[in-house]
$ cat structure-v8.csv   # CSV, C-alpha atoms
chain,number,residue,atom,x,y,z
A,1,ASN,CA,19.7,-13.6,78.6
A,2,ASN,CA,17.4,-10.9,77.4
A,3,LEU,CA,18.6,-7.4,76.7
A,4,ALA,CA,16.0,-4.7,76.9
A,5,THR,CA,15.9,-1.2,75.6
A,6,PRO,CA,14.8,1.3,78.3
A,7,PRO,CA,11.3,2.8,77.5
A,8,THR,CA,11.3,6.2,76.0
A,9,PRO,CA,8.4,8.5,77.0
A,10,LYS,CA,6.1,9.8,74.3
A,11,GLU,CA,6.7,13.4,75.5
A,12,ILE,CA,9.9,14.8,77.0
A,13,SER,CA,10.8,18.4,78.0
A,14,PHE,CA,14.1,20.0,78.9
A,15,CYS,CA,14.0,23.2,80.9
A,16,GLY,CA,10.3,23.6,79.9
A,17,GLU,CA,11.1,23.2,76.2
A,18,LYS,CA,9.6,20.4,74.3
A,19,VAL,CA,12.0,17.8,73.0
A,20,PRO,CA,10.9,16.8,69.5
A,21,ILE,CA,10.8,13.0,70.3
A,22,ASP,CA,8.6,12.5,67.2
A,23,ILE,CA,11.7,13.1,65.0
A,24,TYR,CA,13.4,9.8,64.5
A,25,TRP,CA,17.0,11.0,65.0
A,26,VAL,CA,16.1,12.8,68.2
A,27,LYS,CA,14.3,9.7,69.6
A,28,GLU,CA,17.2,7.4,68.4
A,29,GLY,CA,19.8,9.7,70.0
A,30,ILE,CA,18.0,9.7,73.3
A,31,GLU,CA,17.5,5.9,73.2
A,32,LYS,CA,21.2,5.4,72.4
A,33,GLU,CA,22.2,7.4,75.5
A,34,LEU,CA,19.7,5.6,77.7
A,35,ILE,CA,21.1,2.3,76.6
A,36,ILE,CA,24.6,3.5,77.3
A,37,HIS,CA,23.6,4.6,80.8
A,38,CYS,CA,21.6,1.4,81.6
A,39,TYR,CA,24.4,-0.9,80.6
A,40,GLN,CA,27.4,1.0,82.0
A,41,HIS,CA,26.3,-0.2,85.4
A,42,SER,CA,29.3,0.8,87.6
A,43,LYS,CA,29.5,4.4,86.2
A,44,THR,CA,25.8,4.9,86.3
A,45,ILE,CA,25.5,3.6,89.9
A,46,GLN,CA,28.4,5.8,91.0
A,47,THR,CA,26.7,8.9,89.4
A,48,PHE,CA,23.4,8.1,91.1
A,49,LYS,CA,25.1,7.8,94.4
A,50,ARG,CA,26.9,11.1,94.0
A,51,SER,CA,23.7,12.8,92.9
A,52,THR,CA,22.2,12.2,96.4
A,53,ARG,CA,25.0,14.2,97.8
A,54,TYR,CA,25.3,17.0,95.2
A,55,PHE,CA,21.9,17.5,93.7
A,56,PRO,CA,20.3,19.1,96.9
A,57,GLU,CA,23.0,21.9,96.9
A,58,ILE,CA,22.9,22.3,93.1
A,59,GLU,CA,19.1,22.5,93.0
A,60,LYS,CA,19.0,25.1,95.8
A,61,ILE,CA,21.5,27.3,93.9
A,62,LEU,CA,19.7,26.8,90.5
A,63,GLN,CA,16.4,27.9,92.2
A,64,GLU,CA,18.0,30.9,93.9
A,65,GLU,CA,19.5,32.0,90.6
A,66,GLY,CA,16.4,31.5,88.5
A,67,VAL,CA,17.8,28.7,86.3
A,68,PRO,CA,15.6,25.6,85.5
A,69,LEU,CA,16.3,22.6,87.7
A,70,ASP,CA,16.9,20.4,84.6
A,71,MET,CA,20.3,22.2,84.2
A,72,LYS,CA,21.6,20.0,87.1
A,73,TYR,CA,21.8,17.3,84.4
A,74,LEU,CA,24.4,19.4,82.5
A,75,CYS,CA,26.7,19.0,85.5
A,76,VAL,CA,26.2,15.2,85.2
A,77,ALA,CA,26.9,15.3,81.4
A,78,GLU,CA,30.0,17.5,82.0
A,79,SER,CA,31.6,15.6,84.8
A,80,ASN,CA,29.5,12.8,86.3
A,81,LEU,CA,29.5,15.0,89.4
A,82,GLU,CA,33.2,14.6,89.8
A,83,ASN,CA,36.0,17.2,90.0
A,84,VAL,CA,37.8,16.2,86.8
A,85,VAL,CA,40.0,17.8,84.2
A,86,SER,CA,39.3,17.3,80.5
A,87,PRO,CA,41.9,17.0,77.7
A,88,ALA,CA,41.0,20.6,76.8
A,89,LYS,CA,41.9,21.6,80.4
A,90,ALA,CA,38.3,22.3,81.4
A,91,SER,CA,38.1,21.6,85.1
A,92,GLY,CA,35.7,21.0,88.0
A,93,TYR,CA,32.1,19.9,88.2
A,94,TRP,CA,30.9,22.2,85.5
A,95,GLN,CA,34.0,21.9,83.3
A,96,PHE,CA,35.0,25.6,83.0
A,97,ILE,CA,38.0,26.5,80.9
A,98,ASP,CA,40.2,29.2,82.6
A,99,PRO,CA,39.0,32.2,80.6
A,100,THR,CA,35.3,31.4,81.0
A,101,GLY,CA,35.7,30.6,84.7
A,102,ARG,CA,37.4,33.9,85.3
A,103,ALA,CA,34.9,35.8,83.2
A,104,TYR,CA,32.1,34.5,85.5
A,105,GLY,CA,33.8,35.4,88.7
A,106,LEU,CA,35.8,32.3,89.6
A,107,GLU,CA,39.3,32.8,91.1
A,108,ILE,CA,41.8,30.7,89.2
A,109,ASN,CA,45.5,30.9,89.9
A,110,SER,CA,48.4,28.7,91.1
A,111,TYR,CA,47.0,28.6,94.6
A,112,ILE,CA,43.2,28.7,94.2
A,113,ASP,CA,40.9,27.1,91.7
A,114,GLU,CA,37.3,27.8,92.4
A,115,ARG,CA,36.2,25.6,89.5
A,116,TYR,CA,36.5,22.8,92.1
A,117,HIS,CA,34.2,24.6,94.6
A,118,LEU,CA,30.7,23.2,94.1
A,119,GLU,CA,28.8,26.3,95.3
A,120,LYS,CA,31.0,28.9,93.5
A,121,SER,CA,31.2,27.0,90.3
A,122,THR,CA,27.5,26.3,90.2
A,123,ARG,CA,26.7,30.0,90.7
A,124,ALA,CA,29.2,30.8,87.9
A,125,ALA,CA,27.5,28.2,85.7
A,126,CYS,CA,24.1,29.8,86.5
A,127,SER,CA,25.4,33.3,85.4
A,128,TYR,CA,26.9,31.9,82.3
A,129,LEU,CA,23.8,29.9,81.4
A,130,LYS,CA,21.5,32.9,81.9
A,131,ALA,CA,23.8,35.0,79.6
A,132,LEU,CA,23.7,32.2,77.0
A,133,LYS,CA,19.9,32.0,77.3
A,134,GLN,CA,19.6,35.7,76.8
A,135,LYS,CA,21.9,35.6,73.7
A,136,PHE,CA,20.4,32.5,72.0
A,137,GLY,CA,16.8,32.6,73.2
A,138,SER,CA,16.4,29.1,74.5
A,139,TRP,CA,17.7,26.9,77.3
A,140,THR,CA,18.5,24.2,74.8
A,141,LEU,CA,20.8,26.4,72.8
A,142,ALA,CA,22.2,27.8,76.0
A,143,ALA,CA,23.2,24.2,76.9
A,144,ALA,CA,24.7,23.6,73.5
A,145,ALA,CA,26.7,26.9,73.8
A,146,PHE,CA,27.8,25.8,77.3
A,147,ASN,CA,29.3,22.7,75.7
A,148,MET,CA,30.8,24.0,72.5
A,149,GLY,CA,31.3,27.7,73.3
A,150,GLU,CA,29.1,30.6,72.4
A,151,ASN,CA,31.3,31.7,69.4
A,152,GLY,CA,31.2,28.2,67.9
A,153,LEU,CA,27.5,27.9,68.3
A,154,GLN,CA,26.9,31.4,66.9
A,155,ARG,CA,29.0,30.6,63.9
A,156,THR,CA,27.1,27.4,63.3
A,157,ILE,CA,23.7,29.1,63.6
A,158,THR,CA,24.8,31.8,61.1
A,159,GLU,CA,26.3,29.4,58.6
A,160,GLN,CA,23.4,26.9,58.7
A,161,GLU,CA,20.7,29.6,59.0
A,162,CYS,CA,19.0,27.5,61.6
A,163,SER,CA,18.3,28.2,65.3
A,164,SER,CA,16.9,25.0,66.5
A,165,TYR,CA,19.4,22.8,68.4
A,166,TRP,CA,17.6,19.7,67.2
A,167,ASP,CA,18.0,20.7,63.5
A,168,LEU,CA,21.6,21.9,63.6
A,169,PHE,CA,24.5,19.9,62.3
A,170,LEU,CA,27.0,20.0,65.1
A,171,ASN,CA,30.3,18.4,66.1
A,172,SER,CA,29.9,14.9,67.4
A,173,GLU,CA,30.2,15.8,71.1
A,174,THR,CA,27.7,18.7,71.0
A,175,SER,CA,25.3,16.8,68.7
A,176,ARG,CA,25.0,14.1,71.5
A,177,TYR,CA,25.1,16.6,74.3
A,178,LEU,CA,21.4,17.3,74.8
A,179,SER,CA,20.4,13.6,74.2
A,180,ARG,CA,22.9,12.6,76.8
A,181,THR,CA,21.7,15.3,79.2
A,182,VAL,CA,18.0,14.4,78.6
A,183,SER,CA,18.7,10.7,79.1
A,184,TYR,CA,20.3,11.5,82.5
A,185,LYS,CA,17.0,13.3,83.4
A,186,LEU,CA,15.0,10.2,82.3
$ encode --input "structure-v8.csv" --output "structure tokens"
Amino acid sequence: NNLATPPTPKEISFCGEKVPIDIYWVKEGIEKELIIHCYQHSKTIQTFKRSTRYFPEIEKILQEEGVPLDMKYLCVAESNLENVVSPAKASGYWQFIDPTGRAYGLEINSYIDERYHLEKSTRAACSYLKALKQKFGSWTLAAAAFNMGENGLQRTITEQECSSYWDLFLNSETSRYLSRTVSYKL
């Protein structure tokens, strides 16, 4: 039996921003995530199947809202296109926590939870991502803030005096987040 590493392109972009694949830890991080996706057959196949159902609607909304189409892979990284609840009580396709969901127009109460509504939660995600892009200056940092929270990312940027996602020292989940998201794109 031969095991193969999936090929990694020499150039990669995310939301029109160059991914510095020439930096060894960036390349190795993306390769690691590609290997995980390639050899977790059942989960990867299920995600591919769900993408044929959900990507057309997500892509339409992203286009209407002026958000790069690559952001659809954030939804995959967050939930594998499933309505799930995280240990931190983030819910739905885009994994909104209650306060953020409400802040971006989602109705969340004991009877209704719009985090589970694909169109409404995708529109809320677009609004949030655009606000994060405005605040941090890049889609890459907007994605990182979407994952770890804007206050946490701002604190990290200030403490480390660095504003490049790929050079920040982040918690283990967020440090893998863009590699995982980019690997879904690949």
$ closest_residue --input "structure-v8.csv" --among "A:Gly137, A:Pro6, A:Gly149, A:Pro99" --to "Glu33 (chain A)" --atoms "only C-alpha atoms"
A:Pro6
$ residues_around --input "structure-v8.csv" --residues "region 38-48 of chain A" --least-positions-apart "6" --cutoff "12 Å" --atoms "only C-alpha atoms" --output "list in words"
Leu3, Ala4, Thr5, Pro6, Pro7, Glu31, Lys32, Tyr54, Phe55, Tyr73, Cys75, Val76, Ala77, Glu78, Ser79, Asn80, Leu81, Glu82, Ser183, Tyr184, Lys185 and Leu186 of chain A
$ atom_distance --input "structure-v8.csv" --atom1 "CA of Thr158 (chain A)" --atom2 "CA of Cys126 (chain A)"
25.5 Å
$ atom_distance --input "structure-v8.csv" --atom1 "CA of Ile35 (chain A)" --atom2 "CA of Ser179 (chain A)"
11.6 Å
$ residues_around --input "structure-v8.csv" --residues "Gln95 (chain A)" --least-positions-apart "3" --cutoff "10 Å" --atoms "only C-alpha atoms" --output "PyMOL selection string"
chain A and resi 74-75+77-79+82-86+88-92+98+100-101+115-116+121+125+146-147
$ atom_distance --input "structure-v8.csv" --atom1 "CA of Thr181 (chain A)" --atom2 "CA of Trp25 (chain A)"
15.6 Å
$ closest_residue --input "structure-v8.csv" --among "A:Ala142, A:Val182, A:Ala124, A:Leu62" --to "Ser164 (chain A)" --atoms "all atoms listed in the file"
A:Ala142
$ residues_around --input "structure-v8.csv" --residues "Leu141 (chain A)" --least-positions-apart "6" --cutoff "9 Å" --atoms "only C-alpha atoms" --output "list in words"
Leu132, Lys133, Leu153, Ser163, Ser164 and Tyr165 of chain A
$ residues_around --input "structure-v8.csv" --residues "Pro20 (chain A)" --least-positions-apart "5" --cutoff "12 Å" --atoms "all atoms listed in the file" --output "ChimeraX atom specification"
/A:9-14,25-30,140,164-167,178-179,182
$ residues_near_point --input "structure-v8.csv" --point "(24.2, 24.9, 92.6)" --cutoff "9 Å" --atoms "only C-alpha atoms" --output "NGL selection string"
:A and (54-65 or 72 or 118-123 or 125-126)
$ closest_residue --input "structure-v8.csv" --among "A:Ser175, A:Gln160, A:Asn2, A:Thr8" --to "Met148 (chain A)" --atoms "all atoms listed in the file"
A:Ser175
